[in-house]
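**Q** So that you have it, the file is entry-v6.txt, and it contains compact mmCIF, C-alpha atoms (C1' of nucleotides):
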```txt
# COMPACT_ATOMS: atom_id res chain seq x y z
CA MET A 57 122.44 59.31 138.65
CA LEU A 58 125.21 57.60 140.57
CA PRO A 59 125.44 53.83 140.54
CA THR A 60 124.78 51.90 143.71
CA PRO A 61 127.77 50.28 145.48
CA PHE A 62 126.68 46.92 144.11
CA ALA A 63 126.41 48.30 140.59
CA GLU A 64 129.78 49.97 140.91
CA ALA A 65 131.36 46.66 141.93
CA VAL A 66 129.75 44.90 138.97
CA LEU A 67 131.01 47.50 136.53
CA ASP A 68 134.50 47.30 138.02
CA VAL A 69 134.64 43.56 137.40
CA ILE A 70 133.43 43.92 133.82
CA GLU A 71 136.05 46.52 133.02
CA ALA A 72 138.70 44.04 134.18
CA ILE A 73 137.69 41.42 131.62
CA PRO A 74 140.48 41.09 129.02
CA PRO A 75 139.64 41.25 125.30
CA GLY A 76 138.80 37.93 123.71
CA ARG A 77 137.36 36.62 126.97
CA VAL A 78 133.85 36.58 128.46
CA VAL A 79 132.18 35.89 131.80
CA THR A 80 128.64 34.96 132.78
CA TYR A 81 126.25 36.90 134.99
CA GLY A 82 126.48 34.11 137.52
CA ASP A 83 130.26 34.33 137.63
CA ILE A 84 130.14 38.01 138.53
CA ALA A 85 127.54 37.41 141.24
CA GLU A 86 129.62 34.59 142.64
CA PHE A 87 132.75 36.75 142.70
CA LEU A 88 131.00 39.60 144.46
CA GLY A 89 129.60 37.13 146.95
CA THR A 90 126.24 38.88 146.93
CA GLY A 91 123.22 39.20 144.73
CA GLY A 92 122.48 36.84 141.87
CA PRO A 93 122.56 36.62 138.09
CA ARG A 94 119.28 38.50 137.81
CA THR A 95 120.63 41.34 139.90
CA VAL A 96 123.80 41.57 137.83
CA GLY A 97 121.71 41.65 134.67
CA THR A 98 119.61 44.45 136.09
CA VAL A 99 122.74 46.48 136.83
CA LEU A 100 124.04 45.97 133.28
CA ALA A 101 120.69 47.05 131.85
CA ARG A 102 120.91 50.36 133.72
CA TYR A 103 124.64 51.11 133.84
CA GLY A 104 126.12 48.81 131.19
CA SER A 105 126.39 51.56 128.60
CA GLY A 106 129.84 52.55 129.90
CA VAL A 107 131.48 49.13 130.07
CA PRO A 108 132.32 46.29 127.62
CA TRP A 109 128.93 44.71 128.11
CA TRP A 110 129.45 42.33 125.20
CA ARG A 111 131.94 40.40 127.39
CA VAL A 112 129.12 39.51 129.78
CA ILE A 113 126.85 36.78 128.49
CA ARG A 114 124.48 34.09 129.68
CA ALA A 115 125.70 30.74 131.05
CA ASP A 116 124.74 28.93 127.83
CA GLY A 117 126.83 31.27 125.70
CA SER A 118 123.87 33.16 124.22
CA LEU A 119 124.51 36.75 123.23
CA LEU A 120 122.60 39.70 124.61
CA PRO A 121 118.98 39.86 123.48
CA GLY A 122 118.60 42.74 121.08
CA HIS A 123 122.32 43.37 120.73
CA GLU A 124 123.56 40.18 119.13
CA ALA A 125 124.84 41.78 115.94
CA ARG A 126 126.70 44.50 117.84
CA ALA A 127 128.31 41.99 120.22
CA LEU A 128 129.24 39.76 117.31
CA ALA A 129 131.21 42.59 115.72
CA HIS A 130 133.23 43.05 118.90
CA TYR A 131 133.91 39.32 119.21
CA ARG A 132 135.17 39.20 115.66
CA ALA A 133 137.50 42.15 116.34
CA GLU A 134 138.80 40.68 119.62
CA GLY A 135 139.13 37.13 118.37
CA THR A 136 136.70 35.67 120.89
CA PRO A 137 136.21 31.94 120.26
CA MET A 138 132.78 31.19 118.80
CA ASN A 139 130.94 27.99 118.05
CA ARG A 140 130.62 26.73 114.51
CA ARG A 141 127.30 28.46 113.84
CA GLY A 142 128.78 31.72 115.09
CA ASP A 143 125.69 32.64 117.08
CA ARG A 144 127.14 31.70 120.47
CA VAL A 145 130.43 32.10 122.33
CA ASP A 146 132.56 29.01 122.94
CA MET A 147 132.30 29.05 126.75
CA ALA A 148 134.80 26.22 127.17
CA ARG A 149 137.55 28.44 125.76
CA ALA A 150 136.35 32.02 126.19
CA ARG A 151 135.13 31.88 129.79
CA TRP A 152 137.38 33.95 132.05
CA ALA A 153 137.95 33.50 135.79
CA GLY A 154 140.99 35.66 136.31
CA TRP A 155 139.86 37.07 139.65
CA SER A 156 140.15 33.69 141.38
CA GLU A 157 143.08 32.22 139.55
CA LEU A 158 144.11 31.44 136.04
CA PRO A 159 142.96 27.91 135.26
CA PRO A 160 144.90 26.17 132.47
CA ILE A 161 142.46 26.69 129.67
CA LEU A 162 143.92 24.46 127.05
CA VAL A 163 143.14 25.96 123.71
CA GLN A 164 142.57 22.88 121.67
CA THR A 165 141.04 22.93 118.22
C1' DG B 179 107.90 49.00 154.33
C1' DC B 180 105.65 45.98 150.69
C1' DA B 181 105.10 44.26 145.90
C1' DA B 182 106.71 44.06 141.25
C1' DT B 183 110.59 43.79 138.00
C1' DG B 184 114.52 41.91 135.27
C1' DA B 185 120.50 41.97 129.74
C1' DC B 186 119.64 34.91 134.75
C1' DT B 187 120.23 29.80 135.92
C1' DG B 188 119.57 24.93 136.20
C1' DG B 189 116.52 21.24 135.81
C1' DT B 190 112.82 18.84 133.48
C1' DA B 191 109.88 17.73 129.27
C1' DT C 19 117.98 20.67 119.85
C1' DT C 20 114.22 24.14 121.90
C1' DA C 21 110.40 25.28 125.54
C1' DC C 22 108.64 25.82 130.05
C1' DC C 23 109.01 26.21 135.29
C1' DA C 24 110.45 27.66 139.89
C1' DG C 25 114.05 30.00 142.54
C1' DC C 26 116.94 33.73 142.91
C1' DC C 27 118.06 38.98 144.92
C1' DA C 28 119.24 44.14 144.52
C1' DT C 29 116.66 47.87 142.68
C1' DT C 30 112.56 50.53 141.83
C1' DG C 31 107.78 52.36 142.34
```
Would you mind writing the structure in this file as structure tokens?
**A**
Amino acid sequence: MLPTPFAEAVLDVIEAIPPGRVVTYGDIAEFLGTGGPRTVGTVLARYGSGVPWWRVIRADGSLLPGHEARALAHYRAEGTPMNRRGDRVDMARARWAGWSELPPILVQT
DNA sequence: GCAATGACTGGTA
DNA sequence: TTACCAGCCATTG
């Protein structure tokens, strides 16, 4: 089962995400210039097994439904910034947009 | 070719 | 803070 061109593009972007950083479904769709968040999510559901899927989360920082514990373990190992409760990613600091440019994300505690 | 589906998003209550 | 609603689009049946 070969991935569709769109799926292949999505997977390529995800594999480029550096450790300790995350992106949203919407960001990927915006970068590809086609499809939408729902479409990206569908691709991840079918082909995400081979990529760091835990670095792709929802716009509000929520972890993947049904895989929260597993994603949390990766975040802890990569040093991904989390909120105080530890159930969501700190989007203000962890969000990555390296494909466009590297915005000065000031890491302030 | 048409209709349904989904690891979403932003706005409103 | 959480809950619900309508729009979104490639993929699948």
**Q** Counting only C-alpha atoms (C1' of nucleotides), what is within 7 Å of region 179-190 of chain B, bar same-chain residues fewer than 5 positions away, as a short mmCIF file (atom, residue, chain, number, x, y, z; two decimals) with C-alpha atoms, in the frame of the given file?
**A**
```cif
data_model
loop_
_atom_site.label_atom_id
_atom_site.label_comp_id
_atom_site.auth_asym_id
_atom_site.auth_seq_id
_atom_site.Cartn_x
_atom_site.Cartn_y
_atom_site.Cartn_z
CA TYR A 81 126.25 36.90 134.99
CA PRO A 93 122.56 36.62 138.09
CA ARG A 94 119.28 38.50 137.81
CA GLY A 97 121.71 41.65 134.67
CA THR A 98 119.61 44.45 136.09
CA LEU A 100 124.04 45.97 133.28
CA ALA A 101 120.69 47.05 131.85
CA LEU A 120 122.60 39.70 124.61
CA PRO A 121 118.98 39.86 123.48
#
```
**Q** What are the residues of chain A that have an atom within 12 Å of an atom of chain B, counting only C-alpha atoms (C1' of nucleotides), as an mmCIF file with C-alpha atoms, keeping the file's coordinate frame?
**A**
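What follows is the written file selection-v2.cif:
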```cif
data_model
loop_
_atom_site.group_PDB
_atom_site.id
_atom_site.type_symbol
_atom_site.label_atom_id
_atom_site.label_comp_id
_atom_site.auth_asym_id
_atom_site.auth_seq_id
_atom_site.Cartn_x
_atom_site.Cartn_y
_atom_site.Cartn_z
ATOM 1 C CA THR A 80 128.640 34.960 132.780
ATOM 2 C CA TYR A 81 126.250 36.900 134.990
ATOM 3 C CA GLY A 82 126.480 34.110 137.520
ATOM 4 C CA ASP A 83 130.260 34.330 137.630
ATOM 5 C CA ILE A 84 130.140 38.010 138.530
ATOM 6 C CA ALA A 85 127.540 37.410 141.240
ATOM 7 C CA GLY A 91 123.220 39.200 144.730
ATOM 8 C CA GLY A 92 122.480 36.840 141.870
ATOM 9 C CA PRO A 93 122.560 36.620 138.090
ATOM 10 C CA ARG A 94 119.280 38.500 137.810
ATOM 11 C CA THR A 95 120.630 41.340 139.900
ATOM 12 C CA VAL A 96 123.800 41.570 137.830
ATOM 13 C CA GLY A 97 121.710 41.650 134.670
ATOM 14 C CA THR A 98 119.610 44.450 136.090
ATOM 15 C CA VAL A 99 122.740 46.480 136.830
ATOM 16 C CA LEU A 100 124.040 45.970 133.280
ATOM 17 C CA ALA A 101 120.690 47.050 131.850
ATOM 18 C CA ARG A 102 120.910 50.360 133.720
ATOM 19 C CA TYR A 103 124.640 51.110 133.840
ATOM 20 C CA GLY A 104 126.120 48.810 131.190
ATOM 21 C CA SER A 105 126.390 51.560 128.600
ATOM 22 C CA TRP A 109 128.930 44.710 128.110
ATOM 23 C CA TRP A 110 129.450 42.330 125.200
ATOM 24 C CA ARG A 111 131.940 40.400 127.390
ATOM 25 C CA VAL A 112 129.120 39.510 129.780
ATOM 26 C CA ILE A 113 126.850 36.780 128.490
ATOM 27 C CA ARG A 114 124.480 34.090 129.680
ATOM 28 C CA ALA A 115 125.700 30.740 131.050
ATOM 29 C CA ASP A 116 124.740 28.930 127.830
ATOM 30 C CA SER A 118 123.870 33.160 124.220
ATOM 31 C CA LEU A 119 124.510 36.750 123.230
ATOM 32 C CA LEU A 120 122.600 39.700 124.610
ATOM 33 C CA PRO A 121 118.980 39.860 123.480
ATOM 34 C CA GLY A 122 118.600 42.740 121.080
ATOM 35 C CA HIS A 123 122.320 43.370 120.730
ATOM 36 C CA GLU A 124 123.560 40.180 119.130
#
```
**Q** Enumerate as number ranges by chain the residues belonging to chain C that approach chain A to within 10 Å, with only C-alpha atoms (C1' of nucleotides) taken into account.
**A** C: 26-29
**Q** Dump C-alpha atoms (C1' of nucleotides) for the selected residues as a short mmCIF file (atom, residue, chain, number, x, y, z; two decimals), keeping the file's coordinate frame?
**A**
```
data_model
loop_
_atom_site.label_atom_id
_atom_site.label_comp_id
_atom_site.auth_asym_id
_atom_site.auth_seq_id
_atom_site.Cartn_x
_atom_site.Cartn_y
_atom_site.Cartn_z
"C1'" DC C 26 116.94 33.73 142.91
"C1'" DC C 27 118.06 38.98 144.92
"C1'" DA C 28 119.24 44.14 144.52
"C1'" DT C 29 116.66 47.87 142.68
#
```
**Q** Using all atoms listed in the file, which residues sit within 7 Å of Trp152 (chain A) once same-chain residues fewer than 5 positions away are excluded, as a ChimeraX atom specification?
**A** /A:77-79
**Q** Can you tell me how far CA of Ala150 (chain A) sits from CA of His130 (chain A), in Å to one decimal?
**A** 13.6 Å
**Q** What gap, in Å, lies between CA of Gly76 (chain A) and CA of Tyr131 (chain A)?
**A**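 So the two atoms, CA of Gly76 (chain A) and CA of Tyr131 (chain A), lie 6.8 Å apart.
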**Q** Report, in Å to a single decimal, how far apart CA of Met138 (chain A) and C1' of DT20 (chain C) are.
**A**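 The value is 20.1 Å.
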**Q** Which polymer residues have any atom within 9 Å of an atom of Glu71 (chain A), counting only C-alpha atoms (C1' of nucleotides), with same-chain residues fewer than 4 positions away left out, as a PyMOL selection string?
**A** chain A and resi 66-67+107-109
**Q** Filtering to C-alpha atoms, could you give me those residues as a PDB file, in the coordinates of the input?
**A**
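The resulting file, out_19.pdb, is shown below:
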```pdb
ATOM      1  CA  VAL A  66     129.750  44.900 138.970  1.00  0.00           C
ATOM      2  CA  LEU A  67     131.010  47.500 136.530  1.00  0.00           C
ATOM      3  CA  VAL A 107     131.480  49.130 130.070  1.00  0.00           C
ATOM      4  CA  PRO A 108     132.320  46.290 127.620  1.00  0.00           C
ATOM      5  CA  TRP A 109     128.930  44.710 128.110  1.00  0.00           C
TER       6      TRP A 109
END
```
**Q** My list of candidates is A:Leu88, A:Pro74, A:Gly106, A:Asp146. Which is closest to Pro61 (chain A) when distances are computed with only C-alpha atoms?
**A** A:Leu88
**Q** Padding of 6 Å on every side, edges along x, y and z, all listed atoms of chain B included: what centre and edge lengths in Å, to one decimal, does that box have, as JSON?
**A**
```
{"center_x": 112.8, "center_y": 33.4, "center_z": 141.8, "size_x": 27.4, "size_y": 43.3, "size_z": 37.1}
```
**Q** Missing atoms in region 106-122 of chain A need filling: write out N, CA and C atoms for it as an mmCIF file, in the coordinates of the input.
**A**
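Final file, selection-v1.cif:
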```
data_model
loop_
_atom_site.group_PDB
_atom_site.id
_atom_site.type_symbol
_atom_site.label_atom_id
_atom_site.label_comp_id
_atom_site.auth_asym_id
_atom_site.auth_seq_id
_atom_site.Cartn_x
_atom_site.Cartn_y
_atom_site.Cartn_z
ATOM 1 N N GLY A 106 128.477 52.039 129.791
ATOM 2 C CA GLY A 106 129.840 52.550 129.900
ATOM 3 C C GLY A 106 130.905 51.477 130.047
ATOM 4 N N VAL A 107 130.518 50.216 129.914
ATOM 5 C CA VAL A 107 131.480 49.130 130.070
ATOM 6 C C VAL A 107 131.363 48.159 128.888
ATOM 7 N N PRO A 108 132.388 47.314 128.680
ATOM 8 C CA PRO A 108 132.320 46.290 127.620
ATOM 9 C C PRO A 108 131.284 45.230 127.912
ATOM 10 N N TRP A 109 130.038 45.590 127.763
ATOM 11 C CA TRP A 109 128.930 44.710 128.110
ATOM 12 C C TRP A 109 128.892 43.440 127.258
ATOM 13 N N TRP A 110 129.519 43.493 126.082
ATOM 14 C CA TRP A 110 129.450 42.330 125.200
ATOM 15 C C TRP A 110 130.297 41.172 125.749
ATOM 16 N N ARG A 111 131.143 41.463 126.776
ATOM 17 C CA ARG A 111 131.940 40.400 127.390
ATOM 18 C C ARG A 111 131.189 39.722 128.522
ATOM 19 N N VAL A 112 129.956 40.140 128.761
ATOM 20 C CA VAL A 112 129.120 39.510 129.780
ATOM 21 C C VAL A 112 127.950 38.834 129.095
ATOM 22 N N ILE A 113 127.895 37.517 129.181
ATOM 23 C CA ILE A 113 126.850 36.780 128.490
ATOM 24 C C ILE A 113 126.209 35.752 129.407
ATOM 25 N N ARG A 114 125.185 35.088 128.890
ATOM 26 C CA ARG A 114 124.480 34.090 129.680
ATOM 27 C C ARG A 114 125.316 32.812 129.801
ATOM 28 N N ALA A 115 124.921 31.952 130.748
ATOM 29 C CA ALA A 115 125.700 30.740 131.050
ATOM 30 C C ALA A 115 125.740 29.791 129.861
ATOM 31 N N ASP A 116 124.770 29.843 128.979
ATOM 32 C CA ASP A 116 124.740 28.930 127.830
ATOM 33 C C ASP A 116 125.480 29.509 126.630
ATOM 34 N N GLY A 117 126.044 30.689 126.790
ATOM 35 C CA GLY A 117 126.830 31.270 125.700
ATOM 36 C C GLY A 117 126.017 32.155 124.778
ATOM 37 N N SER A 118 124.723 32.318 125.061
ATOM 38 C CA SER A 118 123.870 33.160 124.220
ATOM 39 C C SER A 118 124.292 34.619 124.316
ATOM 40 N N LEU A 119 124.178 35.336 123.229
ATOM 41 C CA LEU A 119 124.510 36.750 123.230
ATOM 42 C C LEU A 119 123.377 37.560 123.832
ATOM 43 N N LEU A 120 123.606 38.874 123.979
ATOM 44 C CA LEU A 120 122.600 39.700 124.610
ATOM 45 C C LEU A 120 121.406 39.912 123.697
ATOM 46 N N PRO A 121 120.212 39.670 124.228
ATOM 47 C CA PRO A 121 118.980 39.860 123.480
ATOM 48 C C PRO A 121 118.859 41.275 122.960
ATOM 49 N N GLY A 122 118.749 41.417 121.658
ATOM 50 C CA GLY A 122 118.600 42.740 121.080
ATOM 51 C C GLY A 122 119.898 43.407 120.702
#
```
